[in-house]
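Data block for entry_4.txt (compact mmCIF, C-alpha atoms):
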```
# COMPACT_ATOMS: atom_id res chain seq x y z
CA MET K 175 161.19 189.47 198.43
CA LEU K 176 164.34 191.15 197.10
CA GLY K 177 166.09 190.70 200.42
CA LYS K 178 165.31 186.99 200.43
CA ARG K 179 166.57 186.65 196.83
CA LEU K 180 169.85 188.33 197.74
CA LEU K 181 170.27 186.23 200.88
CA THR K 182 169.74 183.02 198.91
CA ALA K 183 172.23 184.19 196.28
CA LEU K 184 174.86 184.91 198.96
CA TRP K 185 175.10 181.24 199.90
CA GLY K 186 173.86 179.62 196.70
CA ILE K 187 176.26 181.15 194.17
CA PRO K 188 179.47 180.44 196.18
CA LEU K 189 178.30 176.84 196.69
CA VAL K 190 177.81 176.39 192.94
CA ILE K 191 181.17 178.00 192.12
CA LEU K 192 183.03 175.72 194.54
CA ALA K 193 181.26 172.63 193.22
CA VAL K 194 182.12 173.48 189.61
CA TRP K 195 185.69 174.59 190.38
CA PHE K 196 186.90 171.52 192.28
CA ALA K 197 186.76 168.01 190.83
CA ASP K 198 188.81 166.13 193.46
CA PRO K 199 188.56 163.93 195.39
CA LEU K 200 184.97 163.67 194.17
CA PRO K 201 183.19 165.10 191.11
CA TRP K 202 181.55 167.73 193.27
CA PHE K 203 179.54 169.29 190.47
CA THR K 204 177.98 165.94 189.65
CA VAL K 205 177.14 165.46 193.33
CA LEU K 206 175.51 168.90 193.47
CA ALA K 207 173.68 168.28 190.16
CA ALA K 208 172.38 164.95 191.45
CA VAL K 209 171.11 166.44 194.72
CA ALA K 210 169.51 169.44 192.99
CA GLY K 211 168.05 167.25 190.24
CA LEU K 212 166.45 164.82 192.67
CA LEU K 213 164.99 167.65 194.75
CA ALA K 214 163.65 169.25 191.56
CA VAL K 215 162.02 165.98 190.49
CA VAL K 216 160.43 165.63 193.93
CA GLU K 217 158.94 169.12 193.45
CA PHE K 218 157.86 168.25 189.91
CA TYR K 219 156.14 165.03 191.01
CA ARG K 220 154.48 166.81 193.92
CA VAL K 221 153.09 169.50 191.61
CA THR K 222 151.90 167.01 188.97
CA GLY K 223 150.46 164.49 191.44
CA VAL K 224 152.79 161.57 190.66
CA PHE K 225 153.26 160.89 194.37
CA LYS K 226 149.69 159.56 194.39
CA ALA K 227 151.28 156.55 192.68
CA LEU K 228 154.34 156.34 194.95
CA PRO K 229 156.11 153.41 193.18
CA LEU K 230 156.08 155.41 189.94
CA ALA K 231 157.61 158.41 191.73
CA VAL K 232 160.36 156.24 193.24
CA CYS K 233 161.06 154.68 189.85
CA GLY K 234 161.25 158.16 188.32
CA LEU K 235 163.71 159.33 190.97
CA VAL K 236 166.02 156.37 190.34
CA LEU K 237 165.89 156.90 186.57
CA THR K 238 166.55 160.62 187.01
CA LEU K 239 169.68 159.87 189.04
CA LEU K 240 170.91 157.43 186.37
CA PHE K 241 170.45 160.04 183.65
CA ILE K 242 172.35 162.66 185.67
CA ILE K 243 175.38 160.42 186.32
CA TYR K 244 175.41 158.61 182.97
CA PRO K 245 178.19 160.81 181.46
CA HIS K 246 180.48 159.21 184.05
CA LEU K 247 179.51 155.68 183.02
CA ASP K 248 181.33 153.77 180.31
CA PHE K 249 180.17 150.31 179.26
CA ASP K 250 181.72 148.29 176.44
CA ILE K 251 178.44 147.32 174.77
CA ASN K 252 177.06 147.67 171.26
CA VAL K 253 174.06 149.77 172.31
CA SER K 254 174.64 153.31 173.53
CA LEU K 255 173.93 153.84 177.21
CA ILE K 256 171.62 156.77 176.50
CA SER K 257 169.49 154.49 174.29
CA LEU K 258 169.20 152.00 177.13
CA LEU K 259 168.27 154.72 179.59
CA LEU K 260 165.62 156.18 177.28
CA THR K 261 164.15 152.72 176.76
CA ALA K 262 164.14 152.09 180.50
CA ALA K 263 162.49 155.45 181.17
CA VAL K 264 159.60 154.55 178.88
CA VAL K 265 159.23 150.86 179.62
CA LEU K 266 159.99 150.35 183.33
CA PRO K 267 157.34 152.75 184.72
CA MET K 268 154.81 151.27 182.29
CA ILE K 269 155.59 147.72 183.45
CA LEU K 270 155.39 148.86 187.06
CA MET K 271 152.03 150.46 186.35
CA ILE K 272 150.61 147.05 185.35
CA PHE K 273 151.04 145.80 188.92
CA LEU K 274 149.72 148.88 190.69
CA PRO K 275 146.12 149.07 191.95
CA LYS K 276 144.03 150.56 189.20
CA GLN K 277 143.07 154.13 189.97
CA GLU K 278 141.92 157.19 188.10
CA GLY K 279 144.73 159.11 186.45
CA LEU K 280 147.28 156.27 186.61
CA PHE K 281 148.26 156.61 182.96
CA ARG K 282 148.59 160.38 183.42
CA SER K 283 150.93 159.69 186.34
CA TRP K 284 153.05 157.48 184.06
CA ALA K 285 153.25 160.31 181.50
CA TRP K 286 154.31 162.82 184.16
CA THR K 287 156.85 160.33 185.54
CA LEU K 288 158.48 160.05 182.14
CA THR K 289 158.32 163.82 181.61
CA GLY K 290 160.08 164.50 184.91
CA VAL K 291 162.88 162.07 184.11
CA LEU K 292 163.54 163.58 180.68
CA TYR K 293 162.88 167.22 181.52
CA ILE K 294 165.12 167.26 184.58
CA GLY K 295 167.38 164.20 184.55
CA TRP K 296 168.28 164.18 180.86
CA LEU K 297 168.75 167.94 180.58
CA ILE K 298 170.94 168.12 183.71
CA SER K 299 173.13 165.38 182.21
CA TYR K 300 174.22 167.87 179.54
CA LEU K 301 175.75 170.09 182.24
CA VAL K 302 177.48 167.09 183.80
CA ALA K 303 178.83 166.13 180.37
CA LEU K 304 180.05 169.71 179.87
CA ARG K 305 182.07 169.54 183.09
CA LEU K 306 183.78 166.37 181.81
CA ILE K 307 184.99 167.95 178.55
CA PRO K 308 188.79 167.51 178.42
CA ASP K 309 191.14 170.47 178.50
CA THR K 310 192.07 172.13 175.20
CA MET K 311 195.69 173.00 174.43
CA GLY K 312 196.29 176.55 175.61
CA PHE K 313 192.93 176.64 177.39
CA PRO K 314 193.06 174.68 180.65
CA HIS K 315 189.83 173.82 182.42
CA THR K 316 187.76 173.95 179.24
CA GLY K 317 184.90 171.86 180.63
CA ARG K 318 184.80 173.76 183.88
CA ASN K 319 184.67 177.10 182.09
CA PHE K 320 181.90 176.02 179.70
CA VAL K 321 179.80 175.14 182.74
CA PHE K 322 180.59 178.56 184.23
CA LEU K 323 179.59 180.17 180.93
CA ALA K 324 176.21 178.43 180.98
CA LEU K 325 175.60 179.29 184.63
CA PHE K 326 176.95 182.85 184.74
CA CYS K 327 175.26 183.93 181.51
CA THR K 328 171.99 182.50 182.80
CA PHE K 329 172.40 184.31 186.13
CA GLY K 330 173.30 187.54 184.31
CA SER K 331 170.32 187.17 182.00
CA ASP K 332 167.90 186.43 184.84
CA THR K 333 169.19 189.31 186.98
CA ALA K 334 169.08 191.90 184.20
CA ALA K 335 165.63 190.75 183.07
CA TYR K 336 164.30 190.90 186.65
CA PHE K 337 165.54 194.40 187.53
CA ILE K 338 165.00 196.07 184.16
CA GLY K 339 161.61 194.40 183.79
CA LYS K 340 160.59 195.64 187.24
CA ALA K 341 161.79 199.18 186.58
CA PHE K 342 160.91 199.78 182.93
CA GLY K 343 158.78 196.86 181.72
CA LYS K 344 155.57 197.92 179.99
CA HIS K 345 155.02 195.46 177.15
CA LYS K 346 153.96 192.00 178.34
CA LEU K 347 155.99 189.11 176.94
CA ALA K 348 153.57 186.23 177.58
CA PRO K 349 150.71 187.50 179.78
CA SER K 350 148.74 184.25 179.66
CA ILE K 351 151.73 182.31 181.01
CA SER K 352 153.77 184.73 183.15
CA PRO K 353 152.15 188.17 183.56
CA GLY K 354 155.22 189.69 185.22
CA LYS K 355 157.58 189.15 182.29
CA THR K 356 158.03 191.91 179.73
CA TRP K 357 159.77 192.41 176.40
CA GLU K 358 161.94 195.09 178.00
CA GLY K 359 163.09 192.58 180.59
CA ALA K 360 163.69 189.92 177.93
CA VAL K 361 165.90 192.26 175.87
CA ALA K 362 167.77 193.31 179.01
CA GLY K 363 168.32 189.62 179.78
CA VAL K 364 169.99 189.09 176.41
CA ILE K 365 172.21 192.14 176.95
CA GLY K 366 173.08 190.95 180.45
CA ALA K 367 174.15 187.54 179.15
CA VAL K 368 176.32 189.14 176.46
CA ILE K 369 178.03 191.40 179.01
CA VAL K 370 178.79 188.44 181.28
CA SER K 371 180.16 186.47 178.31
CA LEU K 372 182.99 189.01 177.97
CA LEU K 373 184.57 187.32 181.00
CA PHE K 374 185.12 184.26 178.79
CA ILE K 375 186.50 186.09 175.75
CA PHE K 376 189.47 187.97 177.17
CA ASP K 377 192.60 186.63 178.87
CA THR K 378 191.21 185.55 182.23
CA PRO K 379 191.21 182.21 184.07
CA PHE K 380 187.77 181.68 182.50
CA GLN K 381 188.86 182.14 178.88
CA LEU K 382 187.38 179.64 176.43
CA PRO K 383 188.64 178.33 173.06
CA THR K 384 186.04 180.41 171.20
CA ASP K 385 186.39 183.63 169.29
CA PHE K 386 184.52 186.86 169.99
CA ILE K 387 181.65 186.19 167.57
CA LEU K 388 181.03 182.59 168.68
CA THR K 389 181.00 183.56 172.34
CA ILE K 390 178.52 186.38 171.76
CA ILE K 391 176.27 184.07 169.71
CA LEU K 392 176.43 181.47 172.47
CA ALA K 393 175.51 184.08 175.10
CA LEU K 394 172.52 185.11 172.98
CA LEU K 395 171.38 181.49 172.71
CA ILE K 396 171.84 180.91 176.44
CA SER K 397 169.66 183.90 177.28
CA VAL K 398 166.94 183.15 174.72
CA PHE K 399 166.64 179.46 175.55
CA GLY K 400 167.02 180.12 179.26
CA GLN K 401 164.08 182.52 179.13
CA LEU K 402 162.09 179.99 177.12
CA GLY K 403 162.88 177.41 179.80
CA ASP K 404 161.60 179.83 182.43
CA LEU K 405 158.37 180.32 180.47
CA ALA K 406 157.97 176.56 180.01
CA GLU K 407 158.13 176.02 183.77
CA SER K 408 155.75 178.94 184.33
CA MET K 409 153.31 177.26 181.94
CA LEU K 410 153.61 174.05 183.97
CA LYS K 411 152.89 175.88 187.22
CA ARG K 412 149.95 177.77 185.72
CA GLY K 413 148.54 174.54 184.34
CA THR K 414 148.77 172.82 187.72
CA GLY K 415 147.57 175.82 189.73
CA VAL K 416 150.67 176.49 191.84
CA LYS K 417 152.69 179.70 192.28
CA ASP K 418 156.08 178.14 193.03
CA SER K 419 157.42 174.60 192.65
CA GLY K 420 158.57 174.64 196.28
CA THR K 421 159.91 176.74 199.16
CA LEU K 422 163.51 175.51 199.53
CA MET K 423 165.03 178.71 198.09
CA PRO K 424 163.49 181.78 199.76
CA GLY K 425 162.82 184.55 197.27
CA HIS K 426 163.16 182.15 194.35
CA GLY K 427 160.63 179.45 195.21
CA GLY K 428 161.75 175.86 194.77
CA ILE K 429 164.80 174.19 193.27
CA LEU K 430 162.98 173.73 189.96
CA ASP K 431 162.17 177.45 189.88
CA ARG K 432 165.92 178.12 189.97
CA LEU K 433 166.85 175.35 187.52
CA ASP K 434 164.26 176.07 184.83
CA SER K 435 166.50 178.41 182.82
CA ILE K 436 169.69 176.45 183.50
CA LEU K 437 168.22 173.19 182.17
CA PHE K 438 167.71 174.62 178.69
CA ALA K 439 170.92 176.68 178.74
CA GLY K 440 173.12 173.71 179.62
CA ALA K 441 171.74 171.65 176.74
CA VAL K 442 172.27 174.56 174.33
CA VAL K 443 175.91 175.04 175.37
CA TYR K 444 176.73 171.33 175.07
CA ILE K 445 175.10 170.99 171.65
CA PHE K 446 176.80 174.21 170.49
CA TYR K 447 180.17 172.87 171.68
CA SER K 448 179.63 169.49 170.02
CA PHE K 449 178.87 171.00 166.62
CA LEU K 450 181.13 174.04 166.43
CA ILE K 451 184.06 173.82 168.86
```

Output the file's structure in the form of structure tokens.
Amino acid sequence: MLGKRLLTALWGIPLVILAVWFADPLPWFTVLAAVAGLLAVVEFYRVTGVFKALPLAVCGLVLTLLFIIYPHLDFDINVSLISLLLTAAVVLPMILMIFLPKQEGLFRSWAWTLTGVLYIGWLISYLVALRLIPDTMGFPHTGRNFVFLALFCTFGSDTAAYFIGKAFGKHKLAPSISPGKTWEGAVAGVIGAVIVSLLFIFDTPFQLPTDFILTIILALLISVFGQLGDLAESMLKRGTGVKDSGTLMPGHGGILDRLDSILFAGAVVYIFYSFLI
């Protein structure tokens, strides 16, 4: 298992770094986010049974893509685009459901369709919006580095929690949801995120326009909410009776298994930036 995790990391992490780093001639991070988001929604709909109502699944995939790319869209209208997308996410699958053959669990499929769009599409859009943040005077590549902060602190948190939890974990964190997670691992995850955040405090190409205290607080929030996101996805899998969301990432499970922490962390970083930076 560990060997597979390391092998996946060897190609996965460089791919993510390159996609975040370069924005020309295409917004590569948005392309990667769209591909990963759509694959994650496919896994989500497979696990929750939405594909039994295929038109709803297709509608959900289209709406998910629109949410992911919406930070790039700019329409001169009186209603915010996010309001239109939220309305469409609720209404369009429900209208479509009217014309589908009536079957048991159809309304449940509509609810899962909407959940997948918001849980994955809307939350990924925060990371895309982060990448589009303009540069700050004296701090070039601000948006790029905030995305790196969200990703690297999440990776550091996950890695520290995994190894310390395996080696020293004795006190179960949430045994009814994820029996393997421990309080020792959770604390190690927070410490791991804080250590990684030092890369963004000092004078490096990743330096952000935040002071020492704000960066440490943000690292703490990334780790805590990232671990909560992991638990939320574990609760979903336990409730649907599956071990992993998929098999696309050996040693990690599916795409959604890898994104679960990042989804929450990206939203936290963007909201933190919007209020305090």

Just the residues within 8 Å of Glu217 of chain K, please, counting only C-alpha atoms, with nothing from its chain fewer than 2 positions along; format it as a list in words.
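In the requested format, the answer is Leu213, Ala214, Val215, Tyr219, Arg220, Val221, Ser419, Gly420, Gly428, Ile429 and Leu430 of chain K.
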
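You will find atom CA of Lys355 of chain K at 14.1 Å from atom CA of Ser397 of chain K.
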
Surrounding residues of Thr310 of chain K excluding itself and chain neighbours under 2 positions, 12 Å, all atoms listed in the file, as a short mmCIF file (atom, residue, chain, number, x, y, z; two decimals) with C-alpha atoms, in the frame of the given file:
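Ended up saving to result-v7.cif:
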```cif
data_model
loop_
_atom_site.label_atom_id
_atom_site.label_comp_id
_atom_site.auth_asym_id
_atom_site.auth_seq_id
_atom_site.Cartn_x
_atom_site.Cartn_y
_atom_site.Cartn_z
CA ILE K 307 184.99 167.95 178.55
CA PRO K 308 188.79 167.51 178.42
CA GLY K 312 196.29 176.55 175.61
CA PHE K 313 192.93 176.64 177.39
CA PRO K 314 193.06 174.68 180.65
CA HIS K 315 189.83 173.82 182.42
CA THR K 316 187.76 173.95 179.24
CA GLY K 317 184.90 171.86 180.63
CA ARG K 318 184.80 173.76 183.88
CA ASN K 319 184.67 177.10 182.09
CA PHE K 320 181.90 176.02 179.70
CA GLN K 381 188.86 182.14 178.88
CA LEU K 382 187.38 179.64 176.43
CA PRO K 383 188.64 178.33 173.06
CA THR K 384 186.04 180.41 171.20
CA ILE K 451 184.06 173.82 168.86
#
```

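Considering all atoms listed in the file, the residue among K:Val443, K:Leu259, K:Leu200, K:Leu270 positioned nearest to Leu304 of chain K is K:Val443.
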
Can you tell me, as a list of chain:residue names, what residues are no more than 7 Å from segment 338-341 of chain K when counting all atoms listed in the file, ignoring any on the same chain fewer than 5 positions away?
K:Lys355, K:Thr356, K:Glu358, K:Gly359, K:Ala362

So, with only C-alpha atoms as the atoms that count, which of K:Thr389, K:Ser299, K:Thr222, K:Thr261 lies closest to Leu280 of chain K?
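Nearest candidate to Leu280 of chain K out of K:Thr389, K:Ser299, K:Thr222, K:Thr261: K:Thr222.
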
Of the residues K:Gly400, K:Pro229, K:Gly234, K:Gly427, which is the one nearest to Phe326 of chain K, using all atoms listed in the file?
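Closest candidate: K:Gly400.
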
Distance criterion (all atoms listed in the file): nearest to Val194 of chain K out of K:Phe322, K:Phe281, K:Trp286, K:Tyr293:
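Ranking K:Phe322, K:Phe281, K:Trp286, K:Tyr293 by distance to Val194 of chain K, first place goes to K:Phe322.
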
Interatomic distance between atom CA of Ile191 of chain K and atom CA of Tyr444 of chain K?
18.8 Å

I'd like the contact shell of Gly290 of chain K - 12 Å cut-off, all atoms listed in the file, skipping same-chain residues fewer than 2 positions apart - returned as JSON, numbers by chain.
{"K": [211, 212, 213, 214, 215, 216, 217, 218, 219, 220, 221, 222, 223, 224, 230, 231, 232, 233, 234, 235, 236, 237, 238, 239, 241, 263, 264, 283, 284, 285, 286, 287, 288, 292, 293, 294, 295, 296, 297, 298, 407, 410, 430]}

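A straight line drawn from atom CA of Gly403 of chain K to atom CA of Leu433 of chain K is 8.9 Å long.
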
Nearby residues (only C-alpha atoms) at most 8 Å from Phe203 of chain K, same-chain spacing under 6 positions excluded, as a ChimeraX atom specification:
/K:190,193-194,196-197,302,305

Closest contacts (segment 383-434 of chain K/segment 327-331 of chain K, max 12 Å, only C-alpha atoms) as a tab-separated table:
```
residue	atom	partner	partner_atom	distance
K:Thr389	CA	K:Cys327	CA	10.8
K:Ile390	CA	K:Cys327	CA	10.6
K:Ile391	CA	K:Cys327	CA	11.8
K:Leu392	CA	K:Cys327	CA	9.4
K:Ala393	CA	K:Cys327	CA	6.4
K:Leu394	CA	K:Cys327	CA	9.0
K:Leu395	CA	K:Cys327	CA	9.9
K:Ile396	CA	K:Thr328	CA	6.6
K:Ser397	CA	K:Ser331	CA	5.8
K:Val398	CA	K:Ser331	CA	9.0
K:Phe399	CA	K:Thr328	CA	9.5
K:Gly400	CA	K:Thr328	CA	6.5
K:Gln401	CA	K:Ser331	CA	8.3
K:Leu402	CA	K:Thr328	CA	11.7
K:Gly403	CA	K:Thr328	CA	10.9
K:Asp404	CA	K:Thr328	CA	10.7
K:Arg432	CA	K:Phe329	CA	9.7
K:Leu433	CA	K:Thr328	CA	10.0
K:Asp434	CA	K:Thr328	CA	10.3
```

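Residue nearest Ile365 of chain K, chosen from K:Ser257, K:Ser350, K:Thr204, K:Thr333 and counting only C-alpha atoms: K:Thr333.
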
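Minimum atom-to-atom distance to Ser352 of chain K, evaluated using only C-alpha atoms, belongs to K:Leu405 out of K:Leu405, K:Ala207, K:Val368, K:Leu306.
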